[in-house]
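One file, upload-v1.cif, is given below (mmCIF, C-alpha atoms).
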```cif
data_structure
loop_
_atom_site.label_atom_id
_atom_site.label_comp_id
_atom_site.auth_asym_id
_atom_site.auth_seq_id
_atom_site.Cartn_x
_atom_site.Cartn_y
_atom_site.Cartn_z
CA MET A 412 10.04 20.31 -4.40
CA LYS A 413 7.38 17.70 -5.17
CA LYS A 414 5.27 16.83 -2.10
CA VAL A 415 4.37 13.14 -2.21
CA LEU A 416 1.85 10.89 -0.48
CA LEU A 417 3.10 7.27 -0.42
CA SER A 418 0.70 4.35 -0.64
CA TRP A 419 1.89 2.23 2.30
CA SER A 420 0.93 -1.45 2.41
CA SER A 421 3.15 -2.20 5.45
CA GLY A 422 5.23 -4.48 3.20
CA LYS A 423 8.71 -4.56 1.75
CA ASP A 424 7.94 -2.93 -1.63
CA SER A 425 6.44 0.14 0.04
CA ALA A 426 9.48 0.40 2.29
CA TRP A 427 11.83 0.17 -0.67
CA ALA A 428 9.82 2.72 -2.63
CA LEU A 429 10.26 5.13 0.29
CA HIS A 430 13.97 4.33 0.44
CA LEU A 431 14.36 5.24 -3.24
CA LEU A 432 12.17 8.34 -3.03
CA ARG A 433 14.22 9.68 -0.14
CA GLN A 434 17.30 9.58 -2.36
CA ASN A 435 15.64 12.01 -4.79
CA PRO A 436 16.38 15.61 -3.76
CA ASP A 437 13.39 16.87 -5.74
CA VAL A 438 10.89 14.80 -3.75
CA GLU A 439 9.53 15.14 -0.21
CA VAL A 440 7.47 12.20 1.03
CA ALA A 441 5.22 13.87 3.58
CA ALA A 442 2.67 11.20 4.57
CA LEU A 443 1.79 7.51 4.28
CA LEU A 444 -1.59 6.25 3.06
CA THR A 445 -2.87 2.84 4.20
CA THR A 446 -6.17 1.05 3.64
CA PHE A 447 -7.55 -0.89 6.60
CA ASN A 448 -10.26 -3.51 6.80
CA GLN A 449 -12.27 -1.78 9.51
CA SER A 450 -14.08 -4.95 10.60
CA VAL A 451 -10.82 -6.48 11.86
CA ASP A 452 -8.69 -3.30 12.16
CA ARG A 453 -5.94 -4.68 9.94
CA VAL A 454 -4.22 -3.64 6.72
CA ALA A 455 -6.23 -4.83 3.73
CA MET A 456 -4.80 -8.10 2.30
CA HIS A 457 -1.61 -7.97 4.37
CA ALA A 458 -3.69 -8.48 7.56
CA VAL A 459 -1.21 -6.48 9.65
CA ARG A 460 -2.49 -5.01 12.90
CA ARG A 461 -3.08 -1.25 12.88
CA GLU A 462 -0.82 -0.73 15.89
CA LEU A 463 2.11 -2.26 14.02
CA THR A 464 1.47 -0.11 10.97
CA GLN A 465 1.42 2.93 13.24
CA ALA A 466 4.71 1.76 14.74
CA GLN A 467 6.18 1.74 11.23
CA ALA A 468 4.98 5.30 10.62
CA GLU A 469 6.49 6.45 13.93
CA ARG A 470 9.87 4.99 12.99
CA ILE A 471 9.68 6.59 9.56
CA GLY A 472 8.71 9.92 11.10
CA LEU A 473 5.63 10.52 8.95
CA PRO A 474 1.90 10.77 9.63
CA LEU A 475 -0.22 7.76 8.70
CA TRP A 476 -3.40 8.51 6.79
CA ALA A 477 -5.84 5.66 7.35
CA VAL A 478 -8.55 4.81 4.82
CA ASP A 479 -11.01 2.54 6.62
CA LEU A 480 -12.87 0.15 4.33
CA PRO A 481 -15.96 -1.90 5.15
CA TRP A 482 -15.90 -5.66 4.65
CA PRO A 483 -16.99 -6.70 2.16
CA CYS A 484 -16.14 -3.59 0.16
CA SER A 485 -17.43 -2.86 -3.32
CA ASN A 486 -15.11 -1.29 -5.85
CA ALA A 487 -17.36 1.77 -5.94
CA GLU A 488 -17.08 2.21 -2.16
CA TYR A 489 -13.30 1.73 -2.33
CA GLU A 490 -12.99 4.41 -4.99
CA THR A 491 -15.20 6.82 -3.04
CA ARG A 492 -13.05 6.52 0.07
CA MET A 493 -9.80 6.77 -1.87
CA ARG A 494 -11.10 9.84 -3.66
CA ALA A 495 -11.71 11.45 -0.27
CA ALA A 496 -8.06 10.80 0.63
CA CYS A 497 -6.98 12.35 -2.66
CA ASP A 498 -9.18 15.37 -2.00
CA ARG A 499 -7.44 15.79 1.35
CA ALA A 500 -4.07 15.55 -0.38
CA ILE A 501 -5.03 18.33 -2.79
CA VAL A 502 -6.17 20.54 0.09
CA GLU A 503 -2.86 19.91 1.87
CA GLN A 504 -0.95 20.81 -1.31
CA PHE A 505 0.43 17.41 -2.26
CA HIS A 506 1.54 17.03 -5.85
CA ALA A 507 1.76 13.26 -6.32
CA VAL A 508 0.93 9.81 -4.97
CA ALA A 509 3.62 7.10 -5.10
CA PHE A 510 3.07 3.35 -5.30
CA GLY A 511 5.28 0.30 -4.83
CA ASP A 512 4.01 -1.54 -7.91
CA LEU A 513 6.62 -3.54 -9.81
CA PHE A 514 5.36 -4.78 -13.17
CA LEU A 515 1.59 -5.41 -13.34
CA GLU A 516 0.45 -3.16 -16.17
CA ASP A 517 -3.25 -3.48 -15.35
CA VAL A 518 -2.70 -2.31 -11.76
CA ARG A 519 -0.55 0.61 -12.89
CA GLY A 520 -3.10 1.57 -15.53
CA TYR A 521 -5.90 1.56 -12.96
CA ARG A 522 -3.97 3.85 -10.63
CA VAL A 523 -3.12 6.24 -13.45
CA ARG A 524 -6.77 6.45 -14.52
CA GLN A 525 -8.00 7.05 -10.98
CA LEU A 526 -5.49 9.80 -10.27
CA ALA A 527 -6.16 11.48 -13.61
CA GLN A 528 -9.45 12.64 -12.09
CA THR A 529 -7.71 14.32 -9.16
CA GLY A 530 -4.79 16.25 -10.63
CA LEU A 531 -2.31 14.27 -8.53
CA GLU A 532 0.64 12.76 -10.39
CA PRO A 533 1.21 8.99 -10.07
CA LEU A 534 4.78 7.93 -9.24
CA PHE A 535 6.20 4.40 -9.46
CA PRO A 536 9.73 4.46 -8.00
CA VAL A 537 10.36 0.69 -8.13
CA TRP A 538 8.62 0.06 -11.45
CA SER A 539 10.38 -2.37 -13.84
CA ILE A 540 13.29 -3.20 -11.52
CA PRO A 541 13.87 -6.95 -12.14
CA THR A 542 12.29 -8.60 -9.13
CA ALA A 543 15.02 -11.19 -8.56
CA GLN A 544 17.54 -8.36 -8.31
CA LEU A 545 15.19 -6.22 -6.24
CA ALA A 546 14.51 -8.99 -3.73
CA ARG A 547 18.20 -9.65 -3.11
CA ASP A 548 19.00 -5.94 -2.92
CA MET A 549 16.34 -5.41 -0.27
CA VAL A 550 17.57 -8.30 1.85
CA ALA A 551 21.23 -7.29 1.43
CA GLN A 552 20.53 -3.70 2.46
CA GLY A 553 18.73 -4.49 5.67
CA VAL A 554 15.04 -4.92 4.88
CA LYS A 555 13.63 -7.50 7.29
CA ALA A 556 10.08 -8.75 6.92
CA LYS A 557 7.69 -11.57 7.76
CA LEU A 558 5.33 -13.27 5.31
CA THR A 559 1.86 -12.45 6.62
CA CYS A 560 -0.40 -13.73 3.85
CA ILE A 561 -0.01 -16.65 1.44
CA ASP A 562 -2.12 -17.63 -1.55
CA PRO A 563 -2.02 -21.43 -1.16
CA SER A 564 -2.91 -21.92 -4.82
CA LYS A 565 0.46 -20.34 -5.68
CA LEU A 566 2.75 -21.07 -2.72
CA ASP A 567 2.80 -23.75 -0.03
CA ARG A 568 1.19 -22.72 3.25
CA SER A 569 4.40 -23.62 5.11
CA PHE A 570 5.84 -20.28 3.95
CA ALA A 571 3.33 -18.34 6.09
CA GLY A 572 5.08 -16.52 8.91
CA ARG A 573 8.55 -17.10 7.54
CA GLU A 574 11.34 -14.57 7.40
CA TYR A 575 11.80 -12.85 4.05
CA ASP A 576 15.50 -13.55 3.65
CA ALA A 577 18.06 -15.10 1.31
CA ALA A 578 17.17 -18.62 2.47
CA LEU A 579 13.52 -18.09 1.59
CA LEU A 580 14.39 -16.64 -1.81
CA ASN A 581 16.45 -19.73 -2.57
CA GLU A 582 13.54 -22.00 -1.63
CA LEU A 583 10.79 -20.33 -3.65
CA PRO A 584 9.50 -22.74 -6.31
CA PRO A 585 9.81 -21.94 -10.03
CA GLY A 586 7.12 -19.56 -11.22
CA VAL A 587 6.74 -17.75 -7.89
CA ASP A 588 7.83 -14.14 -8.17
CA PRO A 589 10.57 -13.39 -5.61
CA CYS A 590 8.72 -10.22 -4.60
CA GLY A 591 5.28 -11.86 -4.62
CA GLU A 592 4.04 -9.38 -7.21
CA ASN A 593 1.50 -11.85 -8.61
CA GLY A 594 -0.16 -12.12 -5.20
CA GLU A 595 1.75 -15.20 -4.06
CA PHE A 596 2.49 -13.61 -0.69
CA HIS A 597 2.40 -10.34 1.26
CA THR A 598 4.77 -9.09 3.94
CA PHE A 599 5.18 -6.93 7.02
CA VAL A 600 8.44 -4.98 7.34
CA TYR A 601 9.83 -4.72 10.87
CA GLU A 602 13.27 -3.35 10.02
CA SER A 603 14.37 -1.19 7.11
CA PRO A 604 16.83 1.54 6.11
CA VAL A 605 13.91 3.99 6.40
CA PHE A 606 13.21 3.09 10.05
CA SER A 607 14.87 4.86 12.96
CA SER A 608 14.88 1.53 14.86
CA PRO A 609 13.54 -2.01 14.39
CA ILE A 610 10.07 -3.03 15.53
CA GLY A 611 10.07 -5.91 18.00
CA VAL A 612 7.70 -8.63 16.78
CA ARG A 613 6.76 -12.24 17.47
CA MET A 614 4.66 -14.64 15.47
CA GLY A 615 1.16 -15.59 16.52
CA GLU A 616 -1.28 -18.11 15.12
CA ILE A 617 -1.59 -19.15 11.49
CA VAL A 618 -5.14 -19.41 10.16
CA GLU A 619 -6.88 -20.08 6.86
CA ARG A 620 -9.59 -17.60 5.90
CA ASP A 621 -11.30 -16.63 2.64
CA GLY A 622 -8.99 -18.89 0.66
CA PHE A 623 -5.74 -17.42 2.06
CA ILE A 624 -3.30 -18.40 4.79
CA PHE A 625 -2.63 -15.62 7.31
CA ALA A 626 0.20 -15.48 9.85
CA ASP A 627 -0.50 -13.08 12.70
CA VAL A 628 2.38 -10.74 13.60
CA LEU A 629 2.28 -9.51 17.20
CA PRO A 630 4.22 -6.82 19.01
CA ALA A 631 7.06 -8.39 20.99
#
```
As structure tokens, how would this structure be written, given the file I've shared?
Amino acid sequence: MKKVLLSWSSGKDSAWALHLLRQNPDVEVAALLTTFNQSVDRVAMHAVRRELTQAQAERIGLPLWAVDLPWPCSNAEYETRMRAACDRAIVEQFHAVAFGDLFLEDVRGYRVRQLAQTGLEPLFPVWSIPTAQLARDMVAQGVKAKLTCIDPSKLDRSFAGREYDAALLNELPPGVDPCGENGEFHTFVYESPVFSSPIGVRMGEIVERDGFIFADVLPA
């Protein structure tokens, strides 16, 4: 049995990666790993509150390993803190780290190189699934999510805070990846096949910061 640590962004691709991994009888996902911007106590880039990420972990039934990052954070500091998490995984007898990456070769290559120094195997359970198919499969099978971060250079700010559903997929402009893999948007999952129950949420304010549009998700 391969003991796996899953990189958990709080978004839909992480949730689907877990869904697929749990269908593999040779794999045991034993913990979730999330990076937080410690200055605001939110998931890096997705800007999801820590308490909501913890609520996800509770509904999944797994411990949440938090990697707290300063802001701003240099790449060297990021790698130092991630290496400490990998060292912990080795001590706790994990064999691999899984990621929800879809098709960006440079991102995958970076992860492979970083893990090569640790002895942990990189896993990519959703890699190369066509994203139009993947998006519709996730929605059809009960993944519910809110768009929490928008890159306004790639997608209109009016999409911030919207439901990730079939209607949204039909409205995405040409050139925008339906899973947001090019950074067009990020999500927070509040219901999923891997959750024991949904998370009650409501939408808060929408703000522009550091060149991105953020929609605050609040506990209901």
Of the residues A:Met456, A:Leu473, A:Ile501, A:Met412, which is the one nearest to Asp437 of chain A, using all atoms listed in the file?
-> A:Met412
So what does the PyMOL selection byres ((chain A and resi 509-518) around 7) actually pick up in this one, as a ChimeraX atom specification?
-> /A:415-418,424-425,428,507-508,519-522,533-540,592
Any idea what the distance is between atom CA of Glu469 of chain A and atom CA of His457 of chain A?
->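 Distance between the two atoms: 19.1 Å.
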One-decimal distance in Å that lies between atom CA of Arg461 of chain A and atom CA of Ala571 of chain A = 19.5 Å
Just the residues within 7 Å of segment 545-551 of chain A, please, counting only C-alpha atoms, with nothing from its chain fewer than 6 positions along; format it as a list in words.
-> Asp576, Ala577, Pro589 and Cys590 of chain A
Which residue out of A:Asp498, A:Glu503, A:Asp621, A:Asp452 has the minimum interatomic distance to Asp479 of chain A when all atoms listed in the file are used?
->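 Closest to Asp479 of chain A, using all atoms listed in the file: A:Asp452.
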Taking into account only C-alpha atoms, which residue in the set A:Gly530, A:Ala466, A:Ala543, A:Leu566 is nearest to Asn581 of chain A?
->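 Nearest candidate to Asn581 of chain A out of A:Gly530, A:Ala466, A:Ala543, A:Leu566: A:Ala543.
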Check the smallest atom-to-atom distance from each of A:Gln434, A:Ser603, A:Thr446, A:Ser485 to Gln552 of chain A using all atoms listed in the file, then report the winner.
->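 Checking each candidate against Gln552 of chain A, we get A:Ser603 as the closest.
Compared by their closest atoms to Val454 of chain A, and using only C-alpha atoms, the residues A:Gly572, A:Gly586, A:Pro481, A:Pro604 rank with A:Pro481 nearest.
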In Å, with one decimal, what is the gap from atom CA of Ile561 of chain A to atom CA of Asn486 of chain A?
->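 These two atoms are separated by 22.7 Å.
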Evaluate the PyMOL selection byres ((chain A and resi 622) around 9) here and jot the selected residues down as a ChimeraX atom specification.
-> /A:562-564,619-621,623-624
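When only C-alpha atoms are used to compute distances to Pro609 of chain A, the closest of the residues A:Pro630, A:Pro436, A:Pro585, A:Pro474 turns out to be A:Pro630.
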Contacts of Phe606 of chain A within 12 Å, all atoms listed in the file, excl. fewer than 3 positions in-chain, as a list in words |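 Residues near the query, excluding close chain neighbours: Ala426, Trp427, Leu429, His430, Ala466, Gln467, Ala468, Glu469, Arg470, Ile471, Gly472, Leu473, Gly553, Val554, Lys555, Val600, Tyr601, Glu602, Ser603, Pro609 and Ile610 of chain A.
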Would you mind completing segment 597-608 of chain A to all heavy atoms and writing the output as a PDB file, keeping the file's coordinate frame?
```pdb
ATOM      1  N   HIS A 597       2.284 -11.729   0.812  1.00  0.00           N
ATOM      2  CA  HIS A 597       2.400 -10.340   1.260  1.00  0.00           C
ATOM      3  C   HIS A 597       3.250 -10.325   2.525  1.00  0.00           C
ATOM      4  O   HIS A 597       3.363 -11.343   3.230  1.00  0.00           O
ATOM      5  CB  HIS A 597       1.032  -9.733   1.528  1.00  0.00           C
ATOM      6  CG  HIS A 597       0.144  -9.705   0.326  1.00  0.00           C
ATOM      7  ND1 HIS A 597       0.312  -8.816  -0.708  1.00  0.00           N
ATOM      8  CD2 HIS A 597      -0.926 -10.484  -0.011  1.00  0.00           C
ATOM      9  CE1 HIS A 597      -0.613  -9.026  -1.630  1.00  0.00           C
ATOM     10  NE2 HIS A 597      -1.370 -10.032  -1.231  1.00  0.00           N
ATOM     11  N   THR A 598       3.825  -9.165   2.836  1.00  0.00           N
ATOM     12  CA  THR A 598       4.770  -9.090   3.940  1.00  0.00           C
ATOM     13  C   THR A 598       4.502  -7.924   4.890  1.00  0.00           C
ATOM     14  O   THR A 598       3.799  -6.980   4.552  1.00  0.00           O
ATOM     15  CB  THR A 598       6.220  -8.930   3.405  1.00  0.00           C
ATOM     16  OG1 THR A 598       6.304  -7.711   2.646  1.00  0.00           O
ATOM     17  CG2 THR A 598       6.633 -10.111   2.541  1.00  0.00           C
ATOM     18  N   PHE A 599       5.112  -8.025   6.057  1.00  0.00           N
ATOM     19  CA  PHE A 599       5.180  -6.930   7.020  1.00  0.00           C
ATOM     20  C   PHE A 599       6.643  -6.637   7.291  1.00  0.00           C
ATOM     21  O   PHE A 599       7.409  -7.532   7.683  1.00  0.00           O
ATOM     22  CB  PHE A 599       4.474  -7.283   8.331  1.00  0.00           C
ATOM     23  CG  PHE A 599       4.772  -6.318   9.451  1.00  0.00           C
ATOM     24  CD1 PHE A 599       4.183  -5.069   9.465  1.00  0.00           C
ATOM     25  CD2 PHE A 599       5.666  -6.650  10.460  1.00  0.00           C
ATOM     26  CE1 PHE A 599       4.473  -4.161  10.486  1.00  0.00           C
ATOM     27  CE2 PHE A 599       5.954  -5.757  11.482  1.00  0.00           C
ATOM     28  CZ  PHE A 599       5.359  -4.510  11.492  1.00  0.00           C
ATOM     29  N   VAL A 600       7.059  -5.379   7.101  1.00  0.00           N
ATOM     30  CA  VAL A 600       8.440  -4.980   7.340  1.00  0.00           C
ATOM     31  C   VAL A 600       8.603  -4.536   8.793  1.00  0.00           C
ATOM     32  O   VAL A 600       7.863  -3.676   9.263  1.00  0.00           O
ATOM     33  CB  VAL A 600       8.843  -3.822   6.394  1.00  0.00           C
ATOM     34  CG1 VAL A 600      10.191  -3.233   6.796  1.00  0.00           C
ATOM     35  CG2 VAL A 600       8.901  -4.314   4.962  1.00  0.00           C
ATOM     36  N   TYR A 601       9.583  -5.133   9.492  1.00  0.00           N
ATOM     37  CA  TYR A 601       9.830  -4.720  10.870  1.00  0.00           C
ATOM     38  C   TYR A 601      11.197  -4.058  11.042  1.00  0.00           C
ATOM     39  O   TYR A 601      11.498  -3.511  12.104  1.00  0.00           O
ATOM     40  CB  TYR A 601       9.671  -5.895  11.834  1.00  0.00           C
ATOM     41  CG  TYR A 601      10.670  -7.015  11.659  1.00  0.00           C
ATOM     42  CD1 TYR A 601      11.871  -7.021  12.352  1.00  0.00           C
ATOM     43  CD2 TYR A 601      10.405  -8.087  10.807  1.00  0.00           C
ATOM     44  CE1 TYR A 601      12.794  -8.042  12.213  1.00  0.00           C
ATOM     45  CE2 TYR A 601      11.310  -9.117  10.655  1.00  0.00           C
ATOM     46  CZ  TYR A 601      12.507  -9.089  11.355  1.00  0.00           C
ATOM     47  OH  TYR A 601      13.419 -10.114  11.202  1.00  0.00           O
ATOM     48  N   GLU A 602      12.013  -4.081  10.001  1.00  0.00           N
ATOM     49  CA  GLU A 602      13.270  -3.350  10.020  1.00  0.00           C
ATOM     50  C   GLU A 602      13.604  -2.942   8.591  1.00  0.00           C
ATOM     51  O   GLU A 602      13.385  -3.704   7.648  1.00  0.00           O
ATOM     52  CB  GLU A 602      14.400  -4.192  10.604  1.00  0.00           C
ATOM     53  CG  GLU A 602      15.692  -3.412  10.777  1.00  0.00           C
ATOM     54  CD  GLU A 602      16.749  -4.153  11.583  1.00  0.00           C
ATOM     55  OE1 GLU A 602      16.459  -5.264  12.079  1.00  0.00           O
ATOM     56  OE2 GLU A 602      17.860  -3.616  11.716  1.00  0.00           O
ATOM     57  N   SER A 603      14.144  -1.731   8.445  1.00  0.00           N
ATOM     58  CA  SER A 603      14.370  -1.190   7.110  1.00  0.00           C
ATOM     59  C   SER A 603      15.310   0.006   7.207  1.00  0.00           C
ATOM     60  O   SER A 603      15.380   0.658   8.257  1.00  0.00           O
ATOM     61  CB  SER A 603      13.027  -0.740   6.504  1.00  0.00           C
ATOM     62  OG  SER A 603      13.210   0.111   5.401  1.00  0.00           O
ATOM     63  N   PRO A 604      16.006   0.328   6.101  1.00  0.00           N
ATOM     64  CA  PRO A 604      16.830   1.540   6.110  1.00  0.00           C
ATOM     65  C   PRO A 604      16.036   2.817   6.378  1.00  0.00           C
ATOM     66  O   PRO A 604      16.622   3.821   6.784  1.00  0.00           O
ATOM     67  CB  PRO A 604      17.435   1.555   4.700  1.00  0.00           C
ATOM     68  CG  PRO A 604      17.451   0.132   4.270  1.00  0.00           C
ATOM     69  CD  PRO A 604      16.217  -0.465   4.869  1.00  0.00           C
ATOM     70  N   VAL A 605      14.714   2.788   6.164  1.00  0.00           N
ATOM     71  CA  VAL A 605      13.910   3.990   6.400  1.00  0.00           C
ATOM     72  C   VAL A 605      13.381   4.078   7.827  1.00  0.00           C
ATOM     73  O   VAL A 605      12.714   5.042   8.183  1.00  0.00           O
ATOM     74  CB  VAL A 605      12.737   4.092   5.393  1.00  0.00           C
ATOM     75  CG1 VAL A 605      13.269   4.184   3.975  1.00  0.00           C
ATOM     76  CG2 VAL A 605      11.777   2.921   5.535  1.00  0.00           C
ATOM     77  N   PHE A 606      13.666   3.083   8.665  1.00  0.00           N
ATOM     78  CA  PHE A 606      13.210   3.090  10.050  1.00  0.00           C
ATOM     79  C   PHE A 606      14.305   3.651  10.954  1.00  0.00           C
ATOM     80  O   PHE A 606      15.491   3.370  10.762  1.00  0.00           O
ATOM     81  CB  PHE A 606      12.880   1.679  10.532  1.00  0.00           C
ATOM     82  CG  PHE A 606      11.618   1.076   9.967  1.00  0.00           C
ATOM     83  CD1 PHE A 606      10.845   1.764   9.051  1.00  0.00           C
ATOM     84  CD2 PHE A 606      11.218  -0.189  10.345  1.00  0.00           C
ATOM     85  CE1 PHE A 606       9.686   1.204   8.535  1.00  0.00           C
ATOM     86  CE2 PHE A 606      10.065  -0.758   9.845  1.00  0.00           C
ATOM     87  CZ  PHE A 606       9.290  -0.064   8.938  1.00  0.00           C
ATOM     88  N   SER A 607      13.906   4.363  11.973  1.00  0.00           N
ATOM     89  CA  SER A 607      14.870   4.860  12.960  1.00  0.00           C
ATOM     90  C   SER A 607      15.349   3.739  13.876  1.00  0.00           C
ATOM     91  O   SER A 607      16.444   3.811  14.442  1.00  0.00           O
ATOM     92  CB  SER A 607      14.225   5.966  13.800  1.00  0.00           C
ATOM     93  OG  SER A 607      13.070   5.483  14.481  1.00  0.00           O
ATOM     94  N   SER A 608      14.524   2.697  14.038  1.00  0.00           N
ATOM     95  CA  SER A 608      14.880   1.530  14.860  1.00  0.00           C
ATOM     96  C   SER A 608      13.976   0.375  14.460  1.00  0.00           C
ATOM     97  O   SER A 608      12.889   0.590  13.897  1.00  0.00           O
ATOM     98  CB  SER A 608      14.717   1.846  16.344  1.00  0.00           C
ATOM     99  OG  SER A 608      13.364   2.144  16.642  1.00  0.00           O
TER     100      SER A 608
END
```
